[in-house]
Structures are given as structure tokens and as C-alpha cells.
Number of protein chains: 2
Amino acid sequence: MNRWFEAKGENSDVVISSRVRLARNLTKYNFSHKLKNKDAKQMVDDTLMKFEKMSEFENYNSYNFENLDQFQKIAMLERHVISPFLTNQSIAAGLVSPDENISIMLNEEDHIRIQAFVAGSDMETAYKNADIIDDSLSNVVEYAYNSKYGYLTTCPSNVGTGMRASYMLHLPALSGTNKLNGLAAEIGRFGLTIRCIYGEGTRGLGDIYQISNQVTLGFSESEIIDNLSNIVYQIVQQERTARRQYISRKRVSAEDVVYRSYGVLKYSRKISIKDAMALLSELRMGLEQGLLKVTAKHGFTIYSIMIGIQPANLQLIAERELTEEEIDIERAKFIRENLPLIQ
Amino acid sequence: MNRWFEAKGENSDVVISSRVRLARNLTKYNFSHKLKNKDAKQMVDDTLMKFEKMSEFENYNSYNFENLDQFQKIAMLERHVISPFLTNQSIAAGLVSPDENISIMLNEEDHIRIQAFVAGSDMETAYKNADIIDDSLSNVVEYAYNSKYGYLTTCPSNVGTGMRASYMLHLPALSGTNKLNGLAAEIGRFGLTIRCIYGEGTRGLGDIYQISNQVTLGFSESEIIDNLSNIVYQIVQQERTARRQYISRKRVSAEDVVYRSYGVLKYSRKISIKDAMALLSELRMGLEQGLLKVTAKHGFTIYSIMIGIQPANLQLIAERELTEEEIDIERAKFIRENLPLIQ
């Protein structure tokens with residue numbers, strides 16, 4: 001029962017995950033931003049109750065924001081179980097599969113958001129999993145659907161399929177050589193967008209990026225996915241070429257950087273999120289490129305450590321609010337305890 | 001049979017070694033710089049032969065520069081067995097005790113240089129050991145000695161006792177807080193001098209410094225040693241205070257610096273002498289201050305690793321001339337193999 005971020009998948013040297021998100025609304029209620037608190041609460045409670053009764057979800061975990069503190073919510077966000085938008089809602093609830101690979105959010109920007117994650121590059125499975133849920137839900141609620149436009153959504157950019165497909169990519173070589181700015185402009189012409197998962201600068205923390213479709217209208221789901229996947233496959237090839245060039249040009253230096261990153265991660269006593277993400281990114285590339293080797297089977301992927309060291313998760317583990325320095329100390333501890341052993 | 005740099009001694013948290021060096025000349029020959037090559041060779045060969053016959057030296061190793069290549073000479077210099085001056089002589093020889101703590105050099109700046117090292121702060125033993133050798137040698141050769149001035153030497157600054165006593169100190173906290181410049185001026189007033197053992201900058205590589213007497217005339221050996229030792233003891237106290245203040249002010253940061261230094265030393269694949277010395281200095285202080293602990297009994301002191309990573313020693317181990325990058329690679333390997341394990 002691996003979570004997607006604890007597993008390896010197709011092309012996972014570069015592709016961390018494939019995610020499909022479907023936006024759906026109910027005919028019975030105003031769109032979320034027009035929904036009074038009382039009605040929002042009714043929508044959330046009624047819909048959650050309906051879903052909880054379904055046999056498909058009998059082993060799912062349900063949550064209600066009424067019962068969650070801020071750390072629990074943010075930690076769910078850090079694990080990508082819920083969206084940033086949802087964490088800012090006061091009234092919200094949802095269902096999550098035991099492995100957290102499938103999540104249904106209620107009272108997000110739209111009434112219902114379905115998301116399905118798969119490790120590595122496998123958007124077909126991600127879409128299939130989301131589509132199954134979507135079909136099930138449509139049996140118990142009435143979706144707002146227009147035969148001309150398709151699914152109706154709060155934001156016009158989601159009208160149509162209501163689908164956003166996104167690949168999460170680890171691009172240390174391309175971002176290290178400043179090739180991502182050109183790439184952003186290029187893929188824009190194909191209706192795609194790239195953004196940093198962590199941080200806002202020109203180089204995302206951990207070199208983790210998300211590439212997704214911007215257009216949801218006028219194309220079928222499979223057309224959107226094919227277009228996205230084709231472009232992403234080209235980026236994967238570019239990243240691999242850049243990695244190989246970097247390593248073959250300066251093999252010992254490349255090994256040295258990776259091993260030193262490992263050494264600092266293994267021994268630091270406090271570490272900032274910025275430093276940790278940078279070192280984990282080096283280490284992830286080093287492991288994927290075979291510059292260093294893990295000794296034993298190890299449950300943790302490097303990306304799962306990246307998730308583990310986010311502030312809310314560390315405070316959740318500590319079971320209390322931590323100062324910034326305490327977070328840096330707990331982060332170093334988390335890394336020491338979860339870093340794979342190397343040969 | 002520990003070498004001084006592989007052993008611990010009194011106050012060895014700060015004091016690496018105590019060394020006494022005696023300069024002696026023979027009446028039978030011109031001073032070394034006035035000695036023709038032929039005469040130098042005769043002086044060296046005759047004197048070495050005489051010394052080799054003495055029962056005191058039957059287990060000593062003798063060497064003659066005729067039979068040594070440049071790496072062997074420089075590696076002896078790196079181990080402090082011979083002096084920089086000697087390595088630049090074409091005609092030279094000497095005797096070294098099996099543990100290399102006692103060394104007799106022939107045709108240095110003076111005909112004979114006797115040096116005795118002891119680990120930690122124990123100048124009395126260092127002097128005693130040098131003095132015993134000095135007495136023995138005076139039974140088989142005739143020293144140039146003047147009843148008014150004492151021992152006559154090539155450089156007037158050595159006339160008198162011919163003795164230079166020097167402590168080698170590890171001063172990371174004082175040099176890290178820029179307190180050494182003031183110190184240099186201060187101890188100058190007591191006829192002492194401080195210099196970096198490694199490198200020439202304001203902060204010596206590895207934070208290793210040597211403090212020694214400048215004046216050899218007009219005082220007895222014990223007066224010189226007492227004066228030097230009193231001042232050095234005060235510096236040791238200052239260094240300890242500075243370390244304690246640094247650590248108590250920022251305990252976790254201090255631990256973090258030391259552990260990260262360990263991590264980089266343990267895992268780097270190539271490392272410059274400058275980086276290695278800086279990291280080993282942090283590690284040495286961390287170990288001495290108890291910020292991290294060695295798991296098992298370990299033959300290598302950190303200072304012995306500092307000696308081991310010098311270029312000639314690495315090329316001696318490799319048994320060939322190395323490029324600069326190869327030296328950095330071999331240095332990283334030497335460190336990995338000799339670094340103590342920590343808890």
C-alpha cells in the first residue's frame with residue numbers, strides 16, 4: 001500500500017508523478033464562492049454523507065475541517081492530499097483513499113474536486129482512476145453539465161472537461177543550466193504551463209516542477225493528455241541528455257557534489273528547507289544516475305523525504321508548534337533517520 | 001611506538017606538540033654556507049658515520065639525501081622530521097629515532113640540528129630528550145663553543161643556547177574571532193613569535209600555529225622555556241574560553257558545523273588542501289570539546305590526518321607523481337579511510 005510518492009514508476013528518474021484533477025459542481029447549489037456559510041455547510045455535510053455510504057469508499061478515510069487543526073490541514077497539503085485553495089476554506093471536507101493516491105475534496109473552488117496520483121509517468125492510469133470515481137459520484141449527485149460547454153466550473157478556465165493533468169518532474173540538470181526559462185515560453189505555445197512546486201524563485205526548491213495543461217475546453221481528455229505527455233516526454237529526454245553531459249564532462253566533480261550532499265544531509269544538526277531541498281535534489285539525481293548506490297532496500301524515496309521535511313509535517317510529528325530553529329533541528333533529524341544507507 | 005603526532009599529551013585539546021631544537025656546529029669545518037660541496041660531503045659523511053657507530057643510535061634510521069627522491073624528502077618535511085631548510089640542501093643526511101620523535105640533521109643552516117618532539121605540552125621532556133642527544137654527540141665531535149657567547153651558530157640569532165623551543169597550537173576559536181593579530185604583537189614584547197604552520201595568510205590553514213622563542217642569548221634554557229610556557233599557557237586559557245563562549249552561545253549551530261564538517265570529510269570524492277584543513281580543524285575542535293564522540297579507539301589523531309593529506313605524502317602513497325586533481329582525489333580517499341567513526 002505505497003503512497004505514490006513512496007513508490008517508483010515509469011521514467012521515475014525524471015518523472016515523480018502523474019496527476020489528474022477533475023472539477024465538478026452540483027446543480028443543487030450555487031458555485032462555492034457564491035455559497036453562504038450555512039449552505040456551504042449543508043452542501044459539504046450532505047455530499048460527504050452520500051459519498052460515505054457508497055461501497056466504493058468503505059475503506060476510504062473521511063475528514064471534516066471542523067475537526068482538523070491548522071497543522072493537520074497543512075500537512076495534508078504538503079502530502080498533496082488537498083489543495084492550497086482548500087486549506088484556506090473554513091468549511092470543507094473530503095474523502096481520501098487509504099494510500100492517499102485518490103482524494104475527493106468538497107467545497108474547493110468547485111463543489112467537488114477529484115484527484116488521482118500515480119507514481120512516475122502513467123497519466124492513463126491516473127485518468128482512469130479519476131474517471132472511475134467521477135462515474136461513481138455521478139450516480140449519487142447531479143453534476144452541473146452543459147451539452148455545449150461540458151462541465152460547468154467556477155473559473156471559466158476549467159469549463160469543458162474540467163480536467164487538469166499534471167506531471168511532477170525533477171529537473172536538476174535543466175534548471176541548473178538555466179534552460180527552464182526558454183522551455184516555459186516554448187511549452188506555452190502548446191497550451192501548457194510550468195511552475196515550481198516549492199518556492200517562487202527562478203529555480204524551484206528541490207528542482208521540482210509541475211507541467212500541466214491550461215486549456216480544458218474544445219479537446220477531449222485523451223487529446224489533452226496526449227498533447228501534454230508528448231511534450232513532457234521531450235522534456236524528460238532533454239533532462240536526461242543534460243544530466244549525461246554534466247556527468248560525462250566532470251565525472252569526479254559530479255560524484256563529489258553528490259557524495260558531499262549525502263554527507264551533509266547525513267550529519268547536519270539543523271538545516272533550512274532551502275539547503276535541504278537543494279541537497280536532496282543533488283542526491284536524487286546522483287542516485288538515479290548511479291553516481292552512488294543505496295545498500296539495502298529502502299522504503300523512502302527522496303521525494304518522500306522532501307515531503308517529510310516540510311514544516312507542518314515536522315510539527316505534526318513533534319505534536320506541537322515549533323520555532324523556526326526547532327523546525328530546522330527536527331528537519332535535520334528527520335533526514336538523518338530516513339536517508340537511505342549508501343554503499 | 002607512537003609518533004608524537006599520533007599521540008595525545010598534556011593539554012592536547014589545544015597544544016599539539018612541544019619541540020626543542022638545538023643548533024650546533026663543529027670546530028673542524030666552516031659554517032655550512034661557507035662550506036664547499038666537497039667539504040660539506042666530507043662533513044656529512046664523517047659525522048654520520050661517527051653517529052651511526054654510537055650505541056645510542058643503533059635502532060635509529062639514518063638517511064642520506066643522495067638516496068632520497070624529492071617526494072621522500074618533502075614527505076619527511078611534512079612529518080616535521082626534517083626542516084624546510086634541509087630539503088633545499090643538495091648535500092645532507094641525518095638520523096631519526098624509530099618513532100621519529102628525535103631527529104638529527106646534518107648540514108642544515110648549522111652543521112648539526114637536534115630536534116625532539118613530544119605530544120602535548122611537555123617542553124621539559126622535549127628539552128631533556130634533546131639534551132641527552134646533545135651530550136652524547138659532544139662525546140664524539142667537538143662543538144664550536146665560546147665561553148662568553150655560548151654555542152656559535154651560522155645565524156647570530158641562534159648564538160647562545162642555540163635553542164629554539166616551540167609549541168604547536170590548534171587555535172580555531174582565537175583565529176576564527178580574529179584575536180590572533182593582537183596576540184602576535186603582545187607576545188613579541190616577551191621575545192616570542194607566532195607563525196602559521198600551514199599557509200601564509202592571516203588565518204593559517206587548519207588553524208595550526210607555532211609559538212617559539214626568538215632570543216637565545218643571555219638566558220638559560222630553562223629561563224627561555226619558562227617564559228615561553230607561561231605565555232603559551234595563557235594563550236591556551238584564552239583559546240579554551242573562546243571555544244566555550246562560542247559553543248555556549250550557539251550550541252546547536254556549533255554542533256551542526258562540526259557534524260557537517262565530518263559529513264563532508266567522510267563523503268567527499270575530491271577535496272582541496274584548504275577545504276580539508278578547514279574542515280579537519282572544525283572536527284578537531286568538535287572532538288576535543290565533546291561536540292561529537294568517536295565510537296572506538298582510533299589510532300589516528302586529527303593532526304596525523306592533517307599530515308597525511310599533504311601533497312608529498314599522498315604521492316608517496318600513490319608511488320607516482322600526481323596531477324593536482326589526482327592529489328585532491330587521493331586526499332579525499334585518505335581522509336575517508338582514516339577518519340574516526342563517530343557515535
# chains A, B, ... in the order shown; residues from 1 in each chain; ligands from 1
call {"tool": "residues_around", "arguments": {"residues": "Ile82 in chain A", "least_positions_apart": "6", "cutoff": "8 Å", "atoms": "only C-alpha atoms", "output": "mmCIF file with N, CA and C atoms, in the first residue's frame"}}
result
data_model
loop_
_atom_site.group_PDB
_atom_site.id
_atom_site.type_symbol
_atom_site.label_atom_id
_atom_site.label_comp_id
_atom_site.auth_asym_id
_atom_site.auth_seq_id
_atom_site.Cartn_x
_atom_site.Cartn_y
_atom_site.Cartn_z
ATOM 1 N N MET A 76 -1.551 17.811 5.253
ATOM 2 C CA MET A 76 -2.250 17.157 4.136
ATOM 3 C C MET A 76 -1.904 17.858 2.823
ATOM 4 N N SER A 103 -8.106 11.375 -3.913
ATOM 5 C CA SER A 103 -8.655 12.327 -2.950
ATOM 6 C C SER A 103 -9.868 13.011 -3.561
ATOM 7 N N MET A 105 -12.224 16.270 -2.744
ATOM 8 C CA MET A 105 -12.361 17.460 -1.898
ATOM 9 C C MET A 105 -13.724 18.085 -2.104
#
call {"tool": "residues_around", "arguments": {"residues": "Glu108 in chain A", "least_positions_apart": "5", "cutoff": "7 Å", "atoms": "only C-alpha atoms", "output": "PyMOL selection string"}}
result
chain A and resi 85-86+113
call {"tool": "atom_distance", "arguments": {"atom1": "CA of Leu48 in chain A", "atom2": "CA of Gly94 in chain A"}}
result
6.8 Å
call {"tool": "residues_around", "arguments": {"residues": "Arg3 in chain B", "least_positions_apart": "5", "cutoff": "12 Å", "atoms": "only C-alpha atoms", "output": "PyMOL selection string"}}
result
chain B and resi 8-9+16-17+79-81+96-102+116-120+299-301+303-304+307
call {"tool": "write_last_selection", "arguments": {"atoms": "N, CA and C atoms", "output": "mmCIF file, in the first residue's frame"}}
result
data_model
loop_
_atom_site.group_PDB
_atom_site.id
_atom_site.type_symbol
_atom_site.label_atom_id
_atom_site.label_comp_id
_atom_site.auth_asym_id
_atom_site.auth_seq_id
_atom_site.Cartn_x
_atom_site.Cartn_y
_atom_site.Cartn_z
ATOM 1 N N LYS B 8 48.321 11.543 22.190
ATOM 2 C CA LYS B 8 47.755 12.651 22.951
ATOM 3 C C LYS B 8 48.690 12.979 24.098
ATOM 4 N N GLY B 9 48.668 14.227 24.550
ATOM 5 C CA GLY B 9 49.512 14.607 25.671
ATOM 6 C C GLY B 9 48.805 15.611 26.553
ATOM 7 N N ILE B 16 49.293 20.793 20.389
ATOM 8 C CA ILE B 16 49.560 19.588 19.625
ATOM 9 C C ILE B 16 50.913 19.012 20.003
ATOM 10 N N SER B 17 51.902 19.856 20.126
ATOM 11 C CA SER B 17 53.232 19.334 20.428
ATOM 12 C C SER B 17 54.135 20.379 21.056
ATOM 13 N N ARG B 79 56.112 15.506 7.712
ATOM 14 C CA ARG B 79 56.021 14.857 9.024
ATOM 15 C C ARG B 79 56.871 15.572 10.076
ATOM 16 N N HIS B 80 57.466 16.699 9.687
ATOM 17 C CA HIS B 80 58.301 17.516 10.589
ATOM 18 C C HIS B 80 59.572 16.802 11.018
ATOM 19 N N VAL B 81 59.965 15.768 10.284
ATOM 20 C CA VAL B 81 61.189 15.040 10.620
ATOM 21 C C VAL B 81 62.424 15.872 10.239
ATOM 22 N N VAL B 96 67.219 9.442 12.523
ATOM 23 C CA VAL B 96 65.864 9.638 13.045
ATOM 24 C C VAL B 96 65.521 8.475 13.954
ATOM 25 N N SER B 97 64.969 8.784 15.112
ATOM 26 C CA SER B 97 64.558 7.707 16.015
ATOM 27 C C SER B 97 63.406 6.933 15.375
ATOM 28 N N PRO B 98 63.201 5.668 15.764
ATOM 29 C CA PRO B 98 62.160 4.844 15.123
ATOM 30 C C PRO B 98 60.783 5.502 15.165
ATOM 31 N N ASP B 99 60.467 6.190 16.253
ATOM 32 C CA ASP B 99 59.163 6.859 16.348
ATOM 33 C C ASP B 99 59.182 8.261 15.737
ATOM 34 N N GLU B 100 60.332 8.645 15.170
ATOM 35 C CA GLU B 100 60.503 9.953 14.519
ATOM 36 C C GLU B 100 60.358 11.128 15.479
ATOM 37 N N ASN B 101 60.376 10.875 16.775
ATOM 38 C CA ASN B 101 60.262 11.974 17.731
ATOM 39 C C ASN B 101 61.590 12.711 17.914
ATOM 40 N N ILE B 102 62.679 12.028 17.601
ATOM 41 C CA ILE B 102 64.001 12.662 17.680
ATOM 42 C C ILE B 102 64.669 12.595 16.314
ATOM 43 N N ALA B 116 63.717 17.464 19.149
ATOM 44 C CA ALA B 116 62.945 16.473 19.902
ATOM 45 C C ALA B 116 61.510 16.955 20.030
ATOM 46 N N PHE B 117 60.595 16.098 19.620
ATOM 47 C CA PHE B 117 59.156 16.389 19.710
ATOM 48 C C PHE B 117 58.531 15.587 20.839
ATOM 49 N N VAL B 118 57.568 16.179 21.519
ATOM 50 C CA VAL B 118 56.732 15.451 22.476
ATOM 51 C C VAL B 118 55.282 15.860 22.205
ATOM 52 N N ALA B 119 54.362 14.923 22.288
ATOM 53 C CA ALA B 119 52.945 15.255 22.113
ATOM 54 C C ALA B 119 52.463 16.126 23.265
ATOM 55 N N GLY B 120 51.578 17.079 22.982
ATOM 56 C CA GLY B 120 51.000 17.929 24.013
ATOM 57 C C GLY B 120 52.013 18.905 24.582
ATOM 58 N N GLY B 299 43.549 4.906 16.086
ATOM 59 C CA GLY B 299 44.964 5.249 16.104
ATOM 60 C C GLY B 299 45.283 6.637 15.605
ATOM 61 N N PHE B 300 44.416 7.162 14.766
ATOM 62 C CA PHE B 300 44.746 8.416 14.117
ATOM 63 C C PHE B 300 44.246 9.618 14.892
ATOM 64 N N THR B 301 45.142 10.550 15.192
ATOM 65 C CA THR B 301 44.682 11.846 15.673
ATOM 66 C C THR B 301 44.310 12.671 14.446
ATOM 67 N N TYR B 303 45.369 15.581 13.845
ATOM 68 C CA TYR B 303 46.575 16.206 13.305
ATOM 69 C C TYR B 303 47.368 15.227 12.433
ATOM 70 N N SER B 304 47.319 13.954 12.772
ATOM 71 C CA SER B 304 48.033 12.993 11.923
ATOM 72 C C SER B 304 47.366 12.888 10.548
ATOM 73 N N ILE B 307 48.633 15.801 8.548
ATOM 74 C CA ILE B 307 49.948 15.499 7.972
ATOM 75 C C ILE B 307 49.792 14.550 6.790
#
call {"tool": "residues_around", "arguments": {"residues": "Ile225 in chain B", "least_positions_apart": "5", "cutoff": "8 Å", "atoms": "only C-alpha atoms", "output": "list in words"}}
result
Met123, Glu124 and Ala165 of chain B
call {"tool": "write_last_selection", "arguments": {"atoms": "C-alpha atoms", "output": "PDB file, in the first residue's frame"}}
result
ATOM      1  CA  MET B 123      58.634  21.117  26.929  1.00  0.00           C
ATOM      2  CA  GLU B 124      60.662  19.748  29.842  1.00  0.00           C
ATOM      3  CA  ALA B 165      61.627  25.862  21.820  1.00  0.00           C
TER       4      ALA B 165
END
call {"tool": "select_by_dssp", "arguments": {"residues": "range 130-267 of chain A", "states": "helix (DSSP H, G or I)", "output": "MDAnalysis selection string"}}
result
chainID A and resid 130:138 156:158 172:176 180:188 205:207 221:249 251:267
call {"tool": "atom_distance", "arguments": {"atom1": "CA of Met277 in chain B", "atom2": "CA of Arg195 in chain B"}}
result
16.4 Å
call {"tool": "interface_residues", "arguments": {"of": "chain A", "to": "chain B", "cutoff": "10 Å", "atoms": "only C-alpha atoms", "output": "PyMOL selection string"}}
result
chain A and resi 252-271+325+329+332
call {"tool": "atom_distance", "arguments": {"atom1": "CA of Ser166 in chain B", "atom2": "CA of Leu314 in chain B"}}
result
26.9 Å
call {"tool": "decode", "arguments": {"residues": "range 262-289 of chain B", "atoms": "N, CA, C and O atoms", "output": "CSV table (one decimal), in the first residue's frame"}}
result
chain,number,residue,atom,x,y,z
B,262,TYR,N,32.3,16.8,9.5
B,262,TYR,CA,32.5,15.4,9.5
B,262,TYR,C,31.9,14.8,8.2
B,262,TYR,O,32.5,13.9,7.5
B,263,GLY,N,30.6,15.1,7.9
B,263,GLY,CA,29.9,14.6,6.8
B,263,GLY,C,30.6,14.8,5.5
B,263,GLY,O,30.7,13.9,4.6
B,264,VAL,N,31.1,16.0,5.3
B,264,VAL,CA,31.8,16.3,4.0
B,264,VAL,C,33.1,15.6,4.0
B,264,VAL,O,33.5,15.0,2.9
B,265,LEU,N,33.9,15.6,5.1
B,265,LEU,CA,35.1,14.8,5.1
B,265,LEU,C,34.9,13.4,4.8
B,265,LEU,O,35.7,12.7,4.1
B,266,LYS,N,33.9,12.8,5.4
B,266,LYS,CA,33.6,11.4,5.2
B,266,LYS,C,33.1,11.0,3.8
B,266,LYS,O,33.3,9.9,3.4
B,267,TYR,N,32.5,11.9,3.1
B,267,TYR,CA,32.0,11.6,1.8
B,267,TYR,C,32.5,12.3,0.6
B,267,TYR,O,32.2,11.8,-0.5
B,268,SER,N,33.4,13.3,0.8
B,268,SER,CA,33.8,14.0,-0.4
B,268,SER,C,34.7,13.0,-1.3
B,268,SER,O,35.3,12.1,-0.8
B,269,ARG,N,34.7,13.3,-2.6
B,269,ARG,CA,35.4,12.5,-3.5
B,269,ARG,C,36.6,13.2,-4.1
B,269,ARG,O,37.5,12.6,-4.7
B,270,LYS,N,36.7,14.5,-3.8
B,270,LYS,CA,37.9,15.2,-4.1
B,270,LYS,C,37.9,16.4,-3.2
B,270,LYS,O,36.8,17.0,-3.0
B,271,ILE,N,39.0,16.8,-2.7
B,271,ILE,CA,39.0,17.9,-1.7
B,271,ILE,C,40.3,18.6,-1.8
B,271,ILE,O,41.4,18.0,-1.8
B,272,SER,N,40.3,20.0,-1.8
B,272,SER,CA,41.5,20.8,-1.8
B,272,SER,C,42.1,20.8,-0.4
B,272,SER,O,41.4,20.5,0.6
B,273,ILE,N,43.4,21.1,-0.4
B,273,ILE,CA,44.1,21.1,0.9
B,273,ILE,C,43.4,22.2,1.8
B,273,ILE,O,43.3,22.0,3.0
B,274,LYS,N,43.0,23.3,1.2
B,274,LYS,CA,42.4,24.4,2.0
B,274,LYS,C,41.1,24.0,2.7
B,274,LYS,O,40.9,24.1,3.9
B,275,ASP,N,40.2,23.4,1.9
B,275,ASP,CA,39.0,22.9,2.4
B,275,ASP,C,39.2,21.8,3.5
B,275,ASP,O,38.6,21.8,4.6
B,276,ALA,N,40.1,20.9,3.2
B,276,ALA,CA,40.3,19.7,4.1
B,276,ALA,C,40.8,20.2,5.4
B,276,ALA,O,40.4,19.8,6.5
B,277,MET,N,41.8,21.1,5.4
B,277,MET,CA,42.4,21.6,6.6
B,277,MET,C,41.3,22.4,7.4
B,277,MET,O,41.3,22.3,8.7
B,278,ALA,N,40.5,23.2,6.8
B,278,ALA,CA,39.5,23.9,7.5
B,278,ALA,C,38.5,23.0,8.2
B,278,ALA,O,38.1,23.2,9.3
B,279,LEU,N,38.1,21.9,7.4
B,279,LEU,CA,37.1,21.0,8.0
B,279,LEU,C,37.7,20.2,9.1
B,279,LEU,O,37.0,19.9,10.1
B,280,LEU,N,38.9,19.8,8.9
B,280,LEU,CA,39.6,19.0,9.9
B,280,LEU,C,39.8,19.8,11.2
B,280,LEU,O,39.7,19.3,12.3
B,281,SER,N,40.0,21.1,11.0
B,281,SER,CA,40.2,22.0,12.2
B,281,SER,C,38.9,22.0,13.0
B,281,SER,O,38.9,21.9,14.2
B,282,GLU,N,37.8,22.2,12.2
B,282,GLU,CA,36.4,22.2,12.9
B,282,GLU,C,36.2,20.9,13.6
B,282,GLU,O,35.8,20.8,14.8
B,283,LEU,N,36.6,19.8,13.0
B,283,LEU,CA,36.4,18.5,13.5
B,283,LEU,C,37.2,18.3,14.8
B,283,LEU,O,36.7,17.8,15.8
B,284,ARG,N,38.5,18.7,14.7
B,284,ARG,CA,39.4,18.5,15.9
B,284,ARG,C,38.8,19.3,17.1
B,284,ARG,O,38.7,18.7,18.2
B,285,MET,N,38.4,20.5,16.8
B,285,MET,CA,37.8,21.3,18.0
B,285,MET,C,36.5,20.6,18.5
B,285,MET,O,36.4,20.4,19.7
B,286,GLY,N,35.7,20.1,17.6
B,286,GLY,CA,34.5,19.5,18.0
B,286,GLY,C,34.7,18.2,18.8
B,286,GLY,O,34.0,18.0,19.8
B,287,LEU,N,35.7,17.4,18.4
B,287,LEU,CA,36.0,16.2,19.2
B,287,LEU,C,36.6,16.6,20.6
B,287,LEU,O,36.2,16.1,21.6
B,288,GLU,N,37.5,17.6,20.6
B,288,GLU,CA,38.1,18.0,21.9
B,288,GLU,C,37.1,18.6,22.8
B,288,GLU,O,37.2,18.5,24.0
B,289,GLN,N,36.1,19.3,22.3
B,289,GLN,CA,35.1,19.9,23.1
B,289,GLN,C,33.9,19.0,23.4
B,289,GLN,O,33.0,19.5,24.0
